[in-house]
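Asker: Below is a structure I'd like to ask you about.
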Amino acid sequence: MPVERLVTAGQGFTQPQYTDNFYEAVGGHETFVKLVDAFYSGVADDDVLRPMYPEQDLGPAKERLLLFLEQYWGGPKTYGEQRGHPRLRMRHMPFRVGPEARDHWLRHMRAAVDSLELAPLHEATLWDYLDRSAHSMVNAAD
């Protein structure tokens with residue numbers, strides 16, 4: 001059967017929209033808000049991580065992470081406009097980040113990523129970055 005016939009026969013068939021922008025591909029702002037909210041809901045009650053957040057309210061930390069992740073993955077450039085270059089290691093240097101803290105961070109972030117129910121390729125791409133980033137922030141032995 002010719003390809004044209006197969007496509008015509010499948011009424012309602014639409015080609016998925018392709019984008020090379022990860023931010024758009026995974027759902028944009030709403031997806032990253034959900035990720036950050038889920039992550040910080042775990043951090044809020046974590047005895048290892050919570051002390052690393054100096055503000056009483058986690059809202060400012062949530063906003064910084066949201067803006068950073070959105071910009072990194074191809075969304076608005078607000079983080080850079082407000083805070084300049086991310087300098088992740090430098091910004092985390094005042095905090096003692098050992099393997100235990102890394103593992104707690106990864107546990108909460110894993111739960112947050114899982115809550116998004118992304119397509120497997122998007123999930124793997126996002127997780128690979130987050131996992132590597134967490135390991136790169138370690139600046140102390142437990």
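Naming works like this for the structure tokens: A, B, ... for the chains as they're shown, residue 1 at the start of each chain, ligands 1 onward in shown order.
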Near Ala140 (chain A), counting only C-alpha atoms, which residues have an atom at most 9 Å away, once you skip same-chain residues fewer than 6 positions from it, shown as a list in words?
Answerer: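 With the cut-off at 9 Å, the set is Arg96, Val97, Gly98 and Pro99 of chain A.
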Asker: From a DSSP pass on the backbone, collect the residues of region 4-140 of chain A flagged as alpha helix (DSSP H) and hand them back as a PyMOL selection string.
Answerer: chain A and resi 4-9+22-25+29-43+59-72+78-83+88-92+99-116+120-136
Asker: Excluding same-chain residues fewer than 6 positions from region 118-122 of chain A, what lies within 10 Å of it counting only C-alpha atoms, as a CSV table (one decimal) with C-alpha atoms, in the first residue's frame?
Answerer:
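Output below, filename around12.csv:
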```csv
chain,number,residue,atom,x,y,z
A,22,PHE,CA,14.1,21.3,25.5
A,25,ALA,CA,9.5,20.2,24.3
A,26,VAL,CA,8.8,19.3,28.0
A,27,GLY,CA,6.0,21.8,28.6
A,31,THR,CA,6.8,21.9,33.9
A,128,ASP,CA,21.7,13.2,33.4
```
Asker: From the options A:Gly74, A:His29, A:Leu106, A:Ala134, which residue's atoms come nearest to Arg89 (chain A), counting only C-alpha atoms?
Answerer: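 Closest residue, counting only C-alpha atoms: A:Ala134.
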Asker: Might you pull out every residue within 12 Å of Met137 (chain A), with only C-alpha atoms counted and same-chain residues fewer than 2 positions away left off, and present them as a list of chain:residue names?
Answerer: A:Arg87, A:Leu88, A:Arg89, A:Met90, A:Arg91, A:His92, A:Met93, A:Pro94, A:Phe95, A:Arg96, A:Val97, A:Gly98, A:Pro99, A:Glu100, A:Ala101, A:Arg102, A:Asp103, A:Trp105, A:Leu106, A:Leu130, A:Asp131, A:Arg132, A:Ser133, A:Ala134, A:His135, A:Asn139, A:Ala140, A:Ala141
Asker: In Å, how far is it from CA of Met52 (chain A) to CA of Glu30 (chain A)?
Answerer: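 Going from CA of Met52 (chain A) over to CA of Glu30 (chain A), I get 26.3 Å.
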Asker: Thr78 (chain A): which residues within 10 Å, counting only C-alpha atoms, same-chain residues fewer than 5 positions away excluded, as JSON, numbers by chain?
Answerer: {"A": [64, 67, 68, 70, 71, 83, 84]}
